[in-house]
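Text of upload.cif, listed as mmCIF, C-alpha atoms:
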```cif
data_upload
loop_
_atom_site.label_atom_id
_atom_site.label_comp_id
_atom_site.auth_asym_id
_atom_site.auth_seq_id
_atom_site.Cartn_x
_atom_site.Cartn_y
_atom_site.Cartn_z
CA MET A 10 190.23 -28.53 85.65
CA ALA A 11 191.28 -30.04 88.98
CA GLU A 12 191.32 -27.89 92.11
CA ILE A 13 194.80 -26.83 93.22
CA PRO A 14 195.79 -28.42 96.56
CA THR A 15 196.50 -26.16 99.54
CA ILE A 16 199.15 -28.35 101.19
CA GLU A 17 202.45 -29.83 100.11
CA PRO A 18 202.29 -33.34 98.63
CA THR A 19 203.91 -36.28 100.42
CA THR A 20 204.73 -38.14 97.18
CA VAL A 21 205.48 -36.81 93.70
CA ASN A 22 206.57 -38.34 90.42
CA ALA A 23 209.66 -36.91 88.76
CA GLY A 24 208.53 -35.72 85.34
CA ASP A 25 205.10 -34.53 86.54
CA THR A 26 203.98 -30.94 86.92
CA LEU A 27 203.67 -30.02 90.60
CA SER A 28 201.26 -27.37 91.77
CA TRP A 29 199.84 -26.20 95.09
CA ARG A 30 198.75 -22.98 96.74
CA ARG A 31 199.77 -21.81 100.24
CA THR A 32 198.02 -19.09 102.20
CA LEU A 33 200.24 -17.57 104.87
CA ASP A 34 198.29 -14.84 106.68
CA ASP A 35 201.42 -13.47 108.39
CA TYR A 36 203.43 -13.43 105.14
CA PRO A 37 201.15 -12.47 102.22
CA ALA A 38 202.67 -12.54 98.76
CA SER A 39 201.03 -9.18 98.02
CA ALA A 40 203.27 -7.63 100.72
CA GLY A 41 206.42 -8.81 98.95
CA TRP A 42 207.00 -12.12 100.77
CA VAL A 43 208.39 -14.94 98.59
CA LEU A 44 207.87 -18.58 99.56
CA GLY A 45 210.71 -20.93 98.65
CA TYR A 46 211.28 -24.65 99.15
CA VAL A 47 214.44 -26.69 99.65
CA LEU A 48 214.35 -30.50 99.42
CA ILE A 49 217.46 -32.31 100.60
CA ASN A 50 218.77 -35.84 101.09
CA GLY A 51 222.19 -37.51 100.96
CA ALA A 52 222.27 -37.51 97.15
CA ALA A 53 220.61 -34.29 96.02
CA LYS A 54 219.37 -30.81 96.87
CA ILE A 55 216.38 -29.31 95.07
CA SER A 56 215.25 -25.69 95.33
CA PHE A 57 212.26 -23.84 93.88
CA SER A 58 210.11 -20.80 94.65
CA SER A 59 206.49 -19.80 94.43
CA SER A 60 204.92 -16.92 92.57
CA ALA A 61 202.40 -14.41 93.91
CA SER A 62 198.71 -15.03 93.34
CA GLY A 63 197.07 -12.17 95.24
CA ASP A 64 197.90 -12.77 98.92
CA ASP A 65 198.59 -16.47 98.25
CA HIS A 66 201.81 -18.19 97.19
CA LEU A 67 201.36 -20.39 94.09
CA VAL A 68 203.91 -23.16 93.67
CA ASN A 69 204.24 -24.43 90.11
CA VAL A 70 207.12 -26.72 89.13
CA PRO A 71 207.06 -27.61 85.41
CA ALA A 72 207.36 -31.24 84.32
CA ALA A 73 210.55 -30.41 82.42
CA THR A 74 212.14 -29.32 85.71
CA SER A 75 210.99 -32.24 87.88
CA THR A 76 212.10 -34.80 85.25
CA ASN A 77 215.69 -34.30 86.37
CA TRP A 78 214.97 -34.85 90.07
CA THR A 79 216.70 -37.83 91.68
CA ALA A 80 214.26 -40.37 93.11
CA GLY A 81 214.32 -40.85 96.87
CA SER A 82 213.06 -39.53 100.20
CA TYR A 83 213.76 -35.90 101.00
CA ASP A 84 213.36 -33.66 104.01
CA TRP A 85 211.95 -30.29 102.98
CA ARG A 86 211.64 -26.81 104.42
CA ALA A 87 209.47 -23.94 103.29
CA ARG A 88 210.81 -20.46 104.04
CA VAL A 89 209.52 -17.00 103.34
CA THR A 90 211.87 -14.16 102.51
CA LYS A 91 211.48 -10.42 102.20
CA GLY A 92 214.66 -8.41 101.95
CA ALA A 93 216.97 -9.59 104.75
CA GLU A 94 214.13 -11.29 106.68
CA VAL A 95 213.88 -15.10 106.45
CA TYR A 96 211.44 -17.33 108.36
CA THR A 97 210.85 -21.08 108.21
CA VAL A 98 207.08 -21.62 107.93
CA ALA A 99 206.79 -25.37 107.38
CA GLU A 100 208.81 -28.56 107.05
CA GLY A 101 208.17 -32.17 106.26
CA ARG A 102 209.15 -35.22 104.27
CA ILE A 103 208.45 -36.02 100.62
CA THR A 104 209.13 -39.01 98.39
CA VAL A 105 210.14 -38.42 94.78
CA ARG A 106 209.37 -41.44 92.62
CA PRO A 107 211.39 -41.95 89.43
CA SER A 108 210.19 -40.62 86.11
CA PHE A 109 209.19 -43.36 83.72
CA ALA A 110 210.19 -41.12 80.80
CA ALA A 111 213.78 -40.84 82.05
CA ALA A 112 213.97 -44.21 83.81
CA THR A 113 217.28 -46.00 83.52
CA GLN A 114 216.62 -48.60 86.18
CA ASP A 115 213.85 -50.92 87.23
CA ALA A 116 211.28 -49.06 89.37
CA ARG A 117 209.67 -52.24 90.73
CA SER A 118 209.91 -52.84 94.47
CA HIS A 119 212.27 -55.44 95.91
CA ALA A 120 209.30 -57.65 96.81
CA ARG A 121 207.86 -57.54 93.27
CA LYS A 122 211.24 -58.29 91.63
CA THR A 123 211.89 -61.16 94.02
CA LEU A 124 208.41 -62.62 93.54
CA GLU A 125 208.79 -62.55 89.76
CA ALA A 126 212.24 -64.19 90.00
CA ILE A 127 210.94 -66.94 92.29
CA GLU A 128 207.99 -67.61 89.99
CA ALA A 129 210.33 -67.82 86.97
CA VAL A 130 212.52 -70.36 88.80
CA ILE A 131 209.49 -72.44 89.81
CA GLU A 132 208.14 -72.42 86.25
CA GLY A 133 211.55 -73.27 84.80
CA ARG A 134 212.27 -76.27 86.96
CA ALA A 135 209.06 -77.41 88.55
CA SER A 136 209.78 -80.97 87.44
CA SER A 137 213.47 -81.00 88.42
CA GLU A 138 214.39 -83.33 91.27
CA VAL A 139 218.08 -82.36 91.40
CA THR A 140 218.87 -80.30 94.51
CA TYR A 141 222.68 -80.56 94.44
CA TYR A 142 225.42 -81.33 91.93
CA MET A 143 229.18 -81.01 91.60
CA ILE A 144 231.18 -80.37 88.41
CA GLY A 145 234.95 -79.97 88.38
CA GLY A 146 235.15 -79.15 92.10
CA ARG A 147 232.35 -76.55 91.95
CA GLN A 148 229.11 -77.07 93.79
CA LEU A 149 225.65 -75.76 93.09
CA ARG A 150 222.64 -76.18 95.33
CA TYR A 151 219.06 -75.59 94.34
CA ILE A 152 216.43 -74.42 96.74
CA PRO A 153 213.90 -77.25 96.87
CA VAL A 154 210.57 -76.49 95.19
CA PRO A 155 208.57 -76.66 98.46
CA GLU A 156 210.84 -73.97 99.96
CA LEU A 157 210.46 -71.87 96.82
CA MET A 158 206.68 -72.17 97.16
CA GLN A 159 206.87 -70.88 100.75
CA LEU A 160 209.03 -67.95 99.65
CA ARG A 161 206.65 -67.25 96.77
CA ASP A 162 203.69 -67.12 99.16
CA ARG A 163 205.54 -64.76 101.52
CA TYR A 164 206.45 -62.38 98.68
CA ARG A 165 202.95 -62.60 97.18
CA ALA A 166 201.57 -61.34 100.49
CA GLU A 167 204.11 -58.51 100.59
CA VAL A 168 203.28 -57.46 97.02
CA ALA A 169 199.55 -57.59 97.86
CA ARG A 170 200.19 -55.21 100.81
CA GLU A 171 202.09 -52.83 98.50
CA ASP A 172 199.29 -52.92 95.91
CA ALA A 173 196.68 -52.28 98.62
CA ALA A 174 198.64 -49.27 99.91
CA ILE A 175 198.87 -47.85 96.37
CA ALA A 176 195.12 -48.34 95.87
CA VAL A 177 194.25 -46.65 99.18
CA ALA A 178 196.59 -43.73 98.35
CA ALA A 179 194.71 -43.35 95.05
CA GLY A 180 191.37 -43.20 96.92
CA LEU A 181 190.30 -46.73 96.02
CA PRO A 182 189.05 -49.26 98.59
CA ASP A 183 191.37 -51.82 100.17
CA ARG A 184 190.29 -55.09 98.53
CA ARG A 185 191.71 -57.07 101.44
CA ARG A 186 189.01 -55.68 103.77
CA VAL A 187 185.68 -57.40 103.96
CA PHE A 188 182.88 -55.52 105.68
CA VAL A 189 180.15 -57.52 107.37
CA ARG A 190 176.93 -56.27 108.90
CA PHE A 191 174.71 -58.37 111.11
CA ALA A 192 171.02 -57.60 111.05
#
```

In structure tokens, write the structure found in this file.
Amino acid sequence: MAEIPTIEPTTVNAGDTLSWRRTLDDYPASAGWVLGYVLINGAAKISFSSSASGDDHLVNVPAATSTNWTAGSYDWRARVTKGAEVYTVAEGRITVRPSFAAATQDARSHARKTLEAIEAVIEGRASSEVTYYMIGGRQLRYIPVPELMQLRDRYRAEVAREDAAIAVAAGLPDRRRVFVRFA
């Protein structure tokens, strides 16, 4: 079984189980302190609490609960409470990615969607020489293939940067880096 993290995550997937443990020496759970979290952005507010695990506070959000979370960036605050006492102990920013199980919209990035659209256009009319035509008073202009190729290259680079960032976040090496040693 994987070790439980001791800090809040910076990115979570809606529909995943979330779990971490916080040790707060000044506010031990065994003394009756309860650690709660509030995540907030312009579209949603999410609240949840921890449970006691000895002196530690164990946060455990079930997958069934996080499935309903709205994707986006949230500011969060962690507060401990005991009776009428309330203290903010931490704050930060977290990104909630959409759940694939409950997805109703395309989760691809703008760059990836645009790259795929450009490639589809290039494949569909790579042999077309028409760049402008008029029918019944309406005009339509095509982007010339050389310009589409430039746009494709720009978006390929952007998608490669996104993929590299995802790989690094997952603990994998950045394939764009080449290490050289001179002996």

Quiz prompt | All residues 10 Å or closer to range 100-103 of chain A, all atoms listed in the file, same chain fewer than 5 positions away omitted, as a PyMOL selection string | solution = chain A and resi 17-21+46-49+81-88

Quiz item: A:Ala53, A:Ala126, A:Val105, A:Val95: which is nearest Ala23 in chain A, counting all atoms listed in the file?
Solution: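 Counting all atoms listed in the file, the residue closest to Ala23 in chain A is A:Val105.
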
Practice problem: Identify, on the basis of all atoms listed in the file, every residue whose closest approach to Gly24 in chain A does not exceed 12 Å; exclude the query and any residue fewer than 3 positions from it along the same chain; express the result as a ChimeraX atom specification. | Solution: /A:21,27,70-80,105-112

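Using only C-alpha atoms for every distance, the candidate list A:Ser28, A:Gln159, A:Ser118, A:Thr97 yields A:Thr97 as the residue closest to Gly45 in chain A.
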
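Compared by their closest atoms to His66 in chain A, and using only C-alpha atoms, the residues A:Val189, A:Ala93, A:Leu181, A:Leu33 rank with A:Leu33 nearest.
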
Quiz item: What is the CA of Asp25 in chain A to CA of Thr104 in chain A distance in Å?
Solution: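 It comes out at 13.3 Å.
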
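For the set A:Lys91, A:Lys54, A:Arg117, A:Lys122, the residue with the smallest atom-to-atom gap to Ala40 in chain A is A:Lys91, counting all atoms listed in the file.
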
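Taking CA of Ala166 in chain A and CA of Phe191 in chain A as the two end points, the separation is 29.0 Å.
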
Quiz item: Quick one: distance from CA of Leu124 in chain A to CA of Glu156 in chain A in Å, one decimal?
Solution: 13.3 Å

Quiz item: Nearest to Asp34 in chain A: which of A:Leu160, A:Val89, A:Val68, A:Ala173 is it, counting only C-alpha atoms?
Solution: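 That would be A:Val89, the residue with the smallest distance to Asp34 in chain A.
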
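Applied to this file, the PyMOL selection byres ((chain A and resi 170) around 12) selects Ser118, Ala120, Arg121, Arg163, Tyr164, Arg165, Ala166, Glu167, Val168, Ala169, Glu171, Asp172, Ala173, Ala174, Ile175, Ala176, Val177, Asp183, Arg184, Arg185 and Arg186 of chain A.
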
Produce a file of the selected residues containing C-alpha atoms, as a PDB file, keeping the file's coordinate frame.
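again.pdb was written with the following content:
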```
ATOM      1  CA  SER A 118     209.910 -52.840  94.470  1.00  0.00           C
ATOM      2  CA  ALA A 120     209.300 -57.650  96.810  1.00  0.00           C
ATOM      3  CA  ARG A 121     207.860 -57.540  93.270  1.00  0.00           C
ATOM      4  CA  ARG A 163     205.540 -64.760 101.520  1.00  0.00           C
ATOM      5  CA  TYR A 164     206.450 -62.380  98.680  1.00  0.00           C
ATOM      6  CA  ARG A 165     202.950 -62.600  97.180  1.00  0.00           C
ATOM      7  CA  ALA A 166     201.570 -61.340 100.490  1.00  0.00           C
ATOM      8  CA  GLU A 167     204.110 -58.510 100.590  1.00  0.00           C
ATOM      9  CA  VAL A 168     203.280 -57.460  97.020  1.00  0.00           C
ATOM     10  CA  ALA A 169     199.550 -57.590  97.860  1.00  0.00           C
ATOM     11  CA  GLU A 171     202.090 -52.830  98.500  1.00  0.00           C
ATOM     12  CA  ASP A 172     199.290 -52.920  95.910  1.00  0.00           C
ATOM     13  CA  ALA A 173     196.680 -52.280  98.620  1.00  0.00           C
ATOM     14  CA  ALA A 174     198.640 -49.270  99.910  1.00  0.00           C
ATOM     15  CA  ILE A 175     198.870 -47.850  96.370  1.00  0.00           C
ATOM     16  CA  ALA A 176     195.120 -48.340  95.870  1.00  0.00           C
ATOM     17  CA  VAL A 177     194.250 -46.650  99.180  1.00  0.00           C
ATOM     18  CA  ASP A 183     191.370 -51.820 100.170  1.00  0.00           C
ATOM     19  CA  ARG A 184     190.290 -55.090  98.530  1.00  0.00           C
ATOM     20  CA  ARG A 185     191.710 -57.070 101.440  1.00  0.00           C
ATOM     21  CA  ARG A 186     189.010 -55.680 103.770  1.00  0.00           C
TER      22      ARG A 186
END
```
